[in-house]
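Notes for the one structure printed next.
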There are 4 protein chains.
Amino acid sequence: MPIRVAVIGAGSVGFTRGMVRDILCVPELVDTEFRFTDISRHNLDMVYRLVNRDIQAARLPAKVTATTNRREALNGADYVFSFVRVGGLEAFATDVEIPLKYGVDQCVGDTLGPGGIMYAQRSIPVLLDFCRDISEAGAPGCLFLNYSNPMAMNTWACSQRGYGVRIIGLCHGVQGGHRQIADVLGLRQEDVDIIAAGINHQTWYISVKHKGRDLAGKLLDAFERHPEYRETEKVRIDMLRRFGYYSTESNGHLSEYVPWYRKRPNEIKKWISLKTWIHGETGGYLRVCVEGRKWFEHDFPNWMKAPPRTFRPEDRGSEHGSYIIEALETGRTYRGHFNVVNRGCITNLPADCIVEVPGYVDANGVSIPIVGDLPLGPAAVCSASVGVQRLSVEAAVRGDDLLLRQAMMMDPLTGAVCNPPEIWQMADEMLVAGEQWLPQYKKAIAAAKRRLARGPLIPTKDGYAGAARLPIKTVNEIARQRRIAAAPARPADRRRKRGKGT
Amino acid sequence: MPIRVAVIGAGSVGFTRGMVRDILCVPELVDTEFRFTDISRHNLDMVYRLVNRDIQAARLPAKVTATTNRREALNGADYVFSFVRVGGLEAFATDVEIPLKYGVDQCVGDTLGPGGIMYAQRSIPVLLDFCRDISEAGAPGCLFLNYSNPMAMNTWACSQRGYGVRIIGLCHGVQGGHRQIADVLGLRQEDVDIIAAGINHQTWYISVKHKGRDLAGKLLDAFERHPEYRETEKVRIDMLRRFGYYSTESNGHLSEYVPWYRKRPNEIKKWISLKTWIHGETGGYLRVCVEGRKWFEHDFPNWMKAPPRTFRPEDRGSEHGSYIIEALETGRTYRGHFNVVNRGCITNLPADCIVEVPGYVDANGVSIPIVGDLPLGPAAVCSASVGVQRLSVEAAVRGDDLLLRQAMMMDPLTGAVCNPPEIWQMADEMLVAGEQWLPQYKKAIAAAKRRLARGPLIPTKDGYAGAARLPIKTVNEIARQRRIAAAPARPADRRRKRGKGT
Amino acid sequence: MPIRVAVIGAGSVGFTRGMVRDILCVPELVDTEFRFTDISRHNLDMVYRLVNRDIQAARLPAKVTATTNRREALNGADYVFSFVRVGGLEAFATDVEIPLKYGVDQCVGDTLGPGGIMYAQRSIPVLLDFCRDISEAGAPGCLFLNYSNPMAMNTWACSQRGYGVRIIGLCHGVQGGHRQIADVLGLRQEDVDIIAAGINHQTWYISVKHKGRDLAGKLLDAFERHPEYRETEKVRIDMLRRFGYYSTESNGHLSEYVPWYRKRPNEIKKWISLKTWIHGETGGYLRVCVEGRKWFEHDFPNWMKAPPRTFRPEDRGSEHGSYIIEALETGRTYRGHFNVVNRGCITNLPADCIVEVPGYVDANGVSIPIVGDLPLGPAAVCSASVGVQRLSVEAAVRGDDLLLRQAMMMDPLTGAVCNPPEIWQMADEMLVAGEQWLPQYKKAIAAAKRRLARGPLIPTKDGYAGAARLPIKTVNEIARQRRIAAAPARPADRRRKRGKGT
Amino acid sequence: MPIRVAVIGAGSVGFTRGMVRDILCVPELVDTEFRFTDISRHNLDMVYRLVNRDIQAARLPAKVTATTNRREALNGADYVFSFVRVGGLEAFATDVEIPLKYGVDQCVGDTLGPGGIMYAQRSIPVLLDFCRDISEAGAPGCLFLNYSNPMAMNTWACSQRGYGVRIIGLCHGVQGGHRQIADVLGLRQEDVDIIAAGINHQTWYISVKHKGRDLAGKLLDAFERHPEYRETEKVRIDMLRRFGYYSTESNGHLSEYVPWYRKRPNEIKKWISLKTWIHGETGGYLRVCVEGRKWFEHDFPNWMKAPPRTFRPEDRGSEHGSYIIEALETGRTYRGHFNVVNRGCITNLPADCIVEVPGYVDANGVSIPIVGDLPLGPAAVCSASVGVQRLSVEAAVRGDDLLLRQAMMMDPLTGAVCNPPEIWQMADEMLVAGEQWLPQYKKAIAAAKRRLARGPLIPTKDGYAGAARLPIKTVNEIARQRRIAAAPARPADRRRKRGKGT
């Protein structure tokens, strides 16, 4: 019997097409039935047309349906993917812009920090709705594969209050750093064995081996000498220097989780690179998302004209999703890194938090090995974020703005930059700005409005661009850039760009 | 660089030859250096000659050395196997015979019960010596693969006090039941996915799937209808009936861990089969061991004349040892069931006990997934044994005979059969009988001797043969039986006989 | 504001009067408002009349009301006592008689064993109803003081699923043994400091000190020489001998929780005394309860004629209930031993089980100190019972007779006496006998009836009186005995008889 | 038999005299034998003369001896107090001054922050020596009552690696805030019931009750309106506002554990008061310690002339030490707040950290009740500090400067003020400055010297006085101030000054 795969937020064209391609590259899964759903009928139509065309062209038995009725899409589903971004770019802009006025200069702002915390407030109620629907309409034992950020907080809420739905949070962060480590050591990626452990976006390569020999001690020197990374990965390399382990997270993203690198405007540029947004640009991810949307609207007609996708083994990407399904359905063992409830896996992080750790998947299910203690320094760094996550998750679920404010106060970068009254005023502004996506905060938003109206207000740096901001490109500029980039891209870069890159 | 594999108790010819064969079937490991050691120079010579001859014949680069100097054998070893049986058959006989006088009718007596408890008292100090030597002489990170029984208690002591040596306890019990399950379901073993979890010799198939569908609910009916198993596996089937899960353990062995099947002499035969010893014969394992030794001494000359062993993939056995080494050395993932410290793997058994659970091995090491809760009934059965094990391990390490007696009192079968004064007198007898192997009990043995000499003694059933005892075969009888058996054996049976069968 | 104390099962005249007296002995609590409720209007009237008369006579401001409407009684209650015995003596008789036919010779049968397990099946649904009512109708933070047996299982179910109601299980077992220990040591009870820990009815004096000096090592000798206890407490002394610690539990009760003392009919009398029922008489507690009820019915008219109770400090009993209330209301520190969820208090028992441990009460609430590890032997004994309790609690809540049967199989005495088919048939008989009190087992009881009707049945010892049974006294005999006993009773004995004695 | 109390660091005259007085106020303890030891013969003589004179004058049977031989003092001791300050004021000055150059403006600097971290590096090896001596020379079960700061880190190291010595860390912080809470509520302190829980110096009043009614919700308003505290306790009140619970810690001390109040030099004065040092003055505790030493040297002759101390109940102070001893020796229950290994007491802090929680003491020993979860916000604040403590303790024990630097990086205030290179250079300077007290860092100090000598160095604010520094008073100024203060002091203030005030 073919499996049924539902995709919520299927309008995320890139993610959805990639996932379909990856699954249909597996011979046993070519008859998969895909159920797309999205709140945007327009986006849904586009992705449906694209994917359907590809399948027809490849003459595969797979089926696709699309509906804006979520329950219908979930009905009898064996697997559910979520690619949603609650609030979209409109809300995302406030996650970046409001903190910037208070001096909190985020590069991405979708994981921790005031931006990530507010993103969780919007996302968690929606994802819990997905869980309720899955528990009621999905096939027994249906597995929820979540790609929606903030990964750790969303997965935490769903694991704890998601009506018993099994959920795994997925991110490809571990693969990217793995490739870099192989690069600096002059080895092939497949010859370097790694164990990464921590929390999403703050996972650490705690074991790096080549033919059984531990190479962790050689990494700092190798990275410091690498001509590209010593420029683009300064924060990561500094963290490696101070804490002894390389982080999975990109330079820009990592820099915003800790108090040391982005608190002084005049020092930010020393720690980042403006070569690509991911290395630390102020609001960098927001910029590329805005540009990406513009470009997609402009370029969509060409997509339908382009040759349809093929489904050969060599076309398959490296996202975990399809490999997990393959392992469960065929019994072929897959090892990846997954986001799951800790439950003692990392012995010196709390049992209830969401960790990112190795997992083995086969016909017996998803097995999460006991990792043991994280090294003390990395554990301390992760613990600080876990404290923020727990406050933020509880705030989102209860609609308790006092906990929300505490989450922001405990955020390492925010705590280093702001004082308590500033944090509270920032929280007020963000609650009001997100009103339409924060039904659980009705009362708190009303009170925040009153406070903001009544004043007096702490002055903020309105219009401040942050330490390292680049202008948003026009469609013409994007087109030009893409022509330049098209020529020499290495496969690795292609993969990095294809994903969300974080 | 070739790996170095030390074998303590290499005189266990069957085990040692099997292990060498299994390793040399792996192409990357054909240059392995084997270091045999044993306290018996005689046995060591025999196995050395056999193995060396096989390697020469196969023209493999592997090397073998043999020495009675254990430290020498361990020097620089990457892997160490222990096949020792401390006290040998002489001590083993007392483990069976003395309890029998008190009505405790054991089939094997090497795992739990008075026999297994005393076996642990002899073995633990010796195995801790091995650990100390490994920690001092072995290669850094040397892995100790223990096959010596009582598995759970030995591995417990070594994990807790073994000078930091990494140890895995290995037993092939899970494979045997897996084959039976496939049999009764009419499926191929490789198509049935199983998760077994519990403690060694009381592990339960908690998940039995075929193409993702759970078949656990069909097992009772299928076993009850199976023409062979319904005769030979009555205790296992009854446990399945009462507790809902099939046990890895053989009928005879299982029957001696619980209070229900062997406490009334007149009922024992209803629950066992005398077809082979493993199905429940009184002192069955002792009998086959005695016969095996006789036969080996008689037959050894023929072994050297027989054609040498070959090392083709199809010759390889199913013991976990070589597969673990292969996975660690080559990175090819292996999944087996291992005995390790619980540490939260089975969430409703104590964190410090030794559990038998699935493990994944690759170049990253041995990964033990979190299993979660055992079903309540099986957990209660295992807990009772864990209590006995803990008392027994502590007794062995401290040389504390009060704890030893408590271990016997808490043993479910002993507690069902004897009253406290009987248990104490039995403990006295067993301590005195094992004096030469129990240096840690010097004082307690002296006191026991005084008590036994002084009397009055509780009368015991001296000379009682138990409910289901068979005579020991002569060499001629064994020879005749082997001629009969040689003809039609199925591969599965061959595998079963090759191992220690428990 | 006066406190409100509701009493469910107030018809338990002795308990209710004692509790009222104890509370009204506290000066700050003389205005307490008591709310009595019971399913028997008749019993309720009797206790109401007695208590009201006492209060009037003492001219205290306390108030009493009585109603068969439980919700009404609970409305706004600050404290709730439960004295109910679900099924009463009618059901209790089957708890004792049916197992006896299968050779399970219980002395009490209300805690563990087939009797205690079935008692839990009747009680737990009823107590959970109490909890729901308390959570809805009681004052905020209302404290539920449970005296209903089986204490550990009932408190377990209520703690886990009792709608968030705070519950403490109370038993005076610890005090009795404390007095004995002081006796044998020749010390005053108030000079002997003790820490008792374990599970209800299997709690152990793990620390016994006099002026800071540990006397635990002297107990065995002292008890063995004590002229009375060496006759009446043989099982307790034997357990002290084997396990190193004295048990809180009476001789007869203790003997039925373990496999060693009551499994051979011809040995039971060696371990017990028939001096009073509590030392081990077959069905002893059932007998005295039946006699007590007869006597009460006969004697009630005299009670109303007797002089009313007084409420002087020296009248106060030693049950924990009133002391807890006093401590919470006045802030005066009280130390007692309470039954609460373990949560890490005894580190080597499961976190979710109910332990009996020291507690301190004052205006801050009830504080349960961390005890640490139980000694290994006592921990193993308690663990075995905890396994039975967990199965039994889950069975009661789910109405799952497979778990119920597993609970009986794992019961140490039952496991030592019966084989699995016997246990299952006994369970069938007990389910059918208790039908009216076991609504959750509707389906299982129907199936049991079919099996019992269809046969064939395993023969049982119908009409077997057990090893040590005494005839039920007539009212005249009771009267004569009471006249004899009235004269010389020591205060300690009076206290013992006043309570439920277990 | 009289108890023996050893005092290490007895030269801390104020502490030692207070402790002696408190013990000798207990009638049962008037014959206590005190053993004073110190590394300074001079200080030891002074305190010996003072205390001996007091005892003689009161005609008590107590005895005092003094020796610089620590082992001699500890021989047979039942209780050991430590009042040592390793490195004295000389080292303390560097704990304050060096961080100040890097912008880390500490008020006390002896608990967390760079100052507290370095203090732990000096203290832990010395305290572990005390433990070894106690384990070898003290009476069996000797109890170590530690007053040496940094309390949490010192107690952590001793609990984990202190040769099995029982240790309790003592601080009177909880009492001070308790008094304030009663003040603002207009109640008597003895009528307000509190539970405080957290880690030393960051303990929170999680339950505040009056006659059973919870008043926690009224505290913010009451503190904001209090004429004195709204000026002197601004940080505490702000934390109460943001986190919902009042902290035990003084305003100045609390302000240095979190990132929000002392990171901007121009805002510090808004959050503190210069009325007394404890409210936030830069280096305030260092100043009063320096002044105190000067004054003592100047004033000692007067002390001997002053009337000797009396030992009446009303003379007794409120430090926990004597009450603990009284409770253990007499059985009178004492409730205080103690620093002990968590072990699950606070369920959402790590099991291995040191928590400050309620404890009950009586003849059974010290009982630490299970507190349960801290509220989420306070738990997050404490967790951040626990991470720093763990790194610092491990660094001190291993002499691992990488962990030491990580501790400083994770320190909330340091992380908010400095960047990583600054933190490392600051660590270099502090290691070099403390060389004589840091034998475990020999290699790291040599490397730090080379780095500092080689440069280039990050410029620092040499000579910077911090945001709120007061000049050190001369002896004449102190004298004048004391004359003024002598007149109107309230008992509460007297108590506060008597202690160490932190």
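Convention: chains lettered A, B, ... in structure tokens order; per-chain residue numbering from 1; ligands numbered from 1 as shown.
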Exercise for review: Extract the full set of helix (DSSP H, G or I) residues from segment 239-409 of chain A according to DSSP on the backbone, and format it as a ChimeraX atom specification.
Suggested key: /A:239-243,251-255,265-271,277-279,284-305,313-315,320-330,376-398,401-409
Excluding same-chain residues fewer than 4 positions from Thr414 of chain B, what lies within 9 Å of it counting only C-alpha atoms, as a PDB file with all heavy atoms, in the first residue's frame?
```pdb
ATOM      1  N   PRO B  99      21.990 -27.058  45.951  1.00  0.00           N
ATOM      2  CA  PRO B  99      20.600 -26.571  45.989  1.00  0.00           C
ATOM      3  C   PRO B  99      19.584 -27.704  45.796  1.00  0.00           C
ATOM      4  O   PRO B  99      18.497 -27.667  46.387  1.00  0.00           O
ATOM      5  CB  PRO B  99      20.551 -25.566  44.833  1.00  0.00           C
ATOM      6  CG  PRO B  99      21.958 -25.067  44.723  1.00  0.00           C
ATOM      7  CD  PRO B  99      22.818 -26.268  45.040  1.00  0.00           C
ATOM      8  N   GLY B 103      15.853 -28.865  47.523  1.00  0.00           N
ATOM      9  CA  GLY B 103      14.631 -28.785  46.740  1.00  0.00           C
ATOM     10  C   GLY B 103      14.653 -27.754  45.628  1.00  0.00           C
ATOM     11  O   GLY B 103      13.673 -27.597  44.909  1.00  0.00           O
ATOM     12  N   VAL B 104      15.755 -27.044  45.483  1.00  0.00           N
ATOM     13  CA  VAL B 104      15.845 -26.049  44.414  1.00  0.00           C
ATOM     14  C   VAL B 104      16.379 -26.761  43.172  1.00  0.00           C
ATOM     15  O   VAL B 104      17.575 -27.041  43.070  1.00  0.00           O
ATOM     16  CB  VAL B 104      16.748 -24.862  44.812  1.00  0.00           C
ATOM     17  CG1 VAL B 104      16.745 -23.807  43.711  1.00  0.00           C
ATOM     18  CG2 VAL B 104      16.272 -24.255  46.130  1.00  0.00           C
ATOM     19  N   GLY B 113      19.359 -17.795  40.799  1.00  0.00           N
ATOM     20  CA  GLY B 113      19.256 -18.963  41.661  1.00  0.00           C
ATOM     21  C   GLY B 113      20.530 -19.143  42.453  1.00  0.00           C
ATOM     22  O   GLY B 113      21.527 -18.450  42.221  1.00  0.00           O
ATOM     23  N   PRO B 114      20.537 -20.099  43.402  1.00  0.00           N
ATOM     24  CA  PRO B 114      21.731 -20.294  44.223  1.00  0.00           C
ATOM     25  C   PRO B 114      22.963 -20.565  43.360  1.00  0.00           C
ATOM     26  O   PRO B 114      24.065 -20.081  43.669  1.00  0.00           O
ATOM     27  CB  PRO B 114      21.383 -21.526  45.068  1.00  0.00           C
ATOM     28  CG  PRO B 114      19.888 -21.604  45.054  1.00  0.00           C
ATOM     29  CD  PRO B 114      19.435 -21.011  43.769  1.00  0.00           C
ATOM     30  N   PRO B 259       9.030 -18.143  40.217  1.00  0.00           N
ATOM     31  CA  PRO B 259       8.651 -19.072  41.289  1.00  0.00           C
ATOM     32  C   PRO B 259       7.629 -20.139  40.885  1.00  0.00           C
ATOM     33  O   PRO B 259       7.316 -21.000  41.696  1.00  0.00           O
ATOM     34  CB  PRO B 259       8.036 -18.141  42.345  1.00  0.00           C
ATOM     35  CG  PRO B 259       7.489 -16.984  41.575  1.00  0.00           C
ATOM     36  CD  PRO B 259       8.387 -16.817  40.383  1.00  0.00           C
ATOM     37  N   LYS B 263       8.725 -25.321  41.417  1.00  0.00           N
ATOM     38  CA  LYS B 263       8.736 -25.444  42.876  1.00  0.00           C
ATOM     39  C   LYS B 263       8.092 -26.735  43.362  1.00  0.00           C
ATOM     40  O   LYS B 263       8.388 -27.206  44.444  1.00  0.00           O
ATOM     41  CB  LYS B 263       8.059 -24.235  43.525  1.00  0.00           C
ATOM     42  CG  LYS B 263       6.574 -24.123  43.326  1.00  0.00           C
ATOM     43  CD  LYS B 263       6.017 -23.031  44.227  1.00  0.00           C
ATOM     44  CE  LYS B 263       4.598 -22.710  43.847  1.00  0.00           C
ATOM     45  NZ  LYS B 263       4.479 -21.733  42.773  1.00  0.00           N
ATOM     46  N   MET B 408      20.059 -14.910  48.007  1.00  0.00           N
ATOM     47  CA  MET B 408      19.397 -16.217  47.860  1.00  0.00           C
ATOM     48  C   MET B 408      17.952 -16.163  48.360  1.00  0.00           C
ATOM     49  O   MET B 408      17.066 -16.756  47.754  1.00  0.00           O
ATOM     50  CB  MET B 408      20.186 -17.282  48.611  1.00  0.00           C
ATOM     51  CG  MET B 408      21.513 -17.590  47.925  1.00  0.00           C
ATOM     52  SD  MET B 408      22.325 -19.013  48.684  1.00  0.00           S
ATOM     53  CE  MET B 408      23.896 -18.994  47.800  1.00  0.00           C
ATOM     54  N   MET B 409      17.717 -15.456  49.458  1.00  0.00           N
ATOM     55  CA  MET B 409      16.350 -15.359  49.955  1.00  0.00           C
ATOM     56  C   MET B 409      15.436 -14.671  48.944  1.00  0.00           C
ATOM     57  O   MET B 409      14.275 -15.036  48.785  1.00  0.00           O
ATOM     58  CB  MET B 409      16.317 -14.616  51.290  1.00  0.00           C
ATOM     59  CG  MET B 409      16.879 -15.458  52.423  1.00  0.00           C
ATOM     60  SD  MET B 409      16.600 -14.712  54.057  1.00  0.00           S
ATOM     61  CE  MET B 409      14.846 -14.935  54.261  1.00  0.00           C
ATOM     62  N   MET B 410      15.962 -13.643  48.291  1.00  0.00           N
ATOM     63  CA  MET B 410      15.153 -12.888  47.341  1.00  0.00           C
ATOM     64  C   MET B 410      15.034 -13.599  45.993  1.00  0.00           C
ATOM     65  O   MET B 410      14.228 -13.183  45.155  1.00  0.00           O
ATOM     66  CB  MET B 410      15.752 -11.496  47.128  1.00  0.00           C
ATOM     67  CG  MET B 410      15.771 -10.608  48.358  1.00  0.00           C
ATOM     68  SD  MET B 410      14.169 -10.474  49.216  1.00  0.00           S
ATOM     69  CE  MET B 410      13.146  -9.745  47.946  1.00  0.00           C
ATOM     70  N   CYS B 418      12.226 -22.773  49.722  1.00  0.00           N
ATOM     71  CA  CYS B 418      12.886 -22.945  51.028  1.00  0.00           C
ATOM     72  C   CYS B 418      12.382 -21.944  52.061  1.00  0.00           C
ATOM     73  O   CYS B 418      11.827 -20.905  51.732  1.00  0.00           O
ATOM     74  CB  CYS B 418      14.396 -22.722  50.874  1.00  0.00           C
ATOM     75  SG  CYS B 418      15.194 -23.864  49.743  1.00  0.00           S
ATOM     76  N   ASN B 419      12.664 -22.277  53.323  1.00  0.00           N
ATOM     77  CA  ASN B 419      12.425 -21.290  54.370  1.00  0.00           C
ATOM     78  C   ASN B 419      13.782 -20.696  54.787  1.00  0.00           C
ATOM     79  O   ASN B 419      14.834 -21.193  54.377  1.00  0.00           O
ATOM     80  CB  ASN B 419      11.651 -21.905  55.541  1.00  0.00           C
ATOM     81  CG  ASN B 419      12.451 -22.921  56.316  1.00  0.00           C
ATOM     82  OD1 ASN B 419      13.681 -22.944  56.263  1.00  0.00           O
ATOM     83  ND2 ASN B 419      11.753 -23.785  57.040  1.00  0.00           N
ATOM     84  N   ILE B 423      17.692 -21.796  53.723  1.00  0.00           N
ATOM     85  CA  ILE B 423      18.512 -20.991  52.804  1.00  0.00           C
ATOM     86  C   ILE B 423      19.863 -20.699  53.441  1.00  0.00           C
ATOM     87  O   ILE B 423      20.900 -20.777  52.785  1.00  0.00           O
ATOM     88  CB  ILE B 423      17.768 -19.689  52.431  1.00  0.00           C
ATOM     89  CG1 ILE B 423      16.501 -20.038  51.640  1.00  0.00           C
ATOM     90  CG2 ILE B 423      18.661 -18.763  51.627  1.00  0.00           C
ATOM     91  CD1 ILE B 423      15.548 -18.866  51.417  1.00  0.00           C
TER      92      ILE B 423
END
```
Exercise for review: Would you please extract all strand (DSSP E or B) residues from segment 43-104 of chain C, as assigned by DSSP on the backbone, and give them as an MDAnalysis selection string?
Suggested key: chainID C and resid 63:67 79:82
Enumerate, in order of chain and increasing residue number, the residues of chain D with an atom no farther than 8 Å from chain A, each with its shortest atom pair and distance in Å to one decimal, counting only C-alpha atoms, as a tab-separated table.
```
residue	atom	partner	partner_atom	distance
D:Arg242	CA	A:Gln406	CA	6.9
D:Phe243	CA	A:Gln406	CA	6.9
D:Pro259	CA	A:Gly415	CA	5.8
D:Trp260	CA	A:Asn419	CA	5.1
D:Tyr261	CA	A:Asn419	CA	6.9
D:Lys263	CA	A:Ala416	CA	7.8
D:Pro350	CA	A:Pro350	CA	8.0
D:Leu376	CA	A:Leu391	CA	6.6
D:Gly377	CA	A:Gln406	CA	6.2
D:Ala380	CA	A:Gly387	CA	5.2
D:Val381	CA	A:Met410	CA	7.4
D:Ser383	CA	A:Ala384	CA	7.5
D:Ala384	CA	A:Ala384	CA	6.0
D:Gly387	CA	A:Ala380	CA	5.2
D:Val388	CA	A:Ala380	CA	7.6
D:Arg390	CA	A:Leu376	CA	8.0
D:Leu391	CA	A:Leu376	CA	6.6
D:Leu402	CA	A:Arg242	CA	7.3
D:Leu403	CA	A:Gly377	CA	7.1
D:Arg405	CA	A:Arg242	CA	7.8
D:Gln406	CA	A:Gly377	CA	6.2
D:Ala407	CA	A:Gly377	CA	8.0
D:Met410	CA	A:Ala380	CA	7.3
D:Pro412	CA	A:Pro412	CA	7.9
D:Leu413	CA	A:Ala416	CA	7.8
D:Gly415	CA	A:Pro259	CA	5.8
D:Ala416	CA	A:Ala416	CA	4.0
D:Val417	CA	A:Ala416	CA	7.1
D:Cys418	CA	A:Trp260	CA	7.0
D:Asn419	CA	A:Trp260	CA	5.1
D:Pro420	CA	A:Trp260	CA	6.5
```
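One finds atom CA of Val432 of chain B at 16.5 Å from atom CA of Ile458 of chain B.
Around Ala479 of chain A, within 9 Å and counting only C-alpha atoms, the residues found are A:Trp295, A:Thr474, A:Ile484, once anything fewer than 5 positions away on its own chain is removed.
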Selection above as a file: C-alpha atoms, as a PDB file, in the first residue's frame:
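Saved to selection_3.pdb:
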```pdb
ATOM      1  CA  TRP A 295      12.291  36.772  -7.334  1.00  0.00           C
ATOM      2  CA  THR A 474      15.823  44.771  -6.841  1.00  0.00           C
ATOM      3  CA  ILE A 484      27.184  35.610 -12.225  1.00  0.00           C
TER       4      ILE A 484
END
```
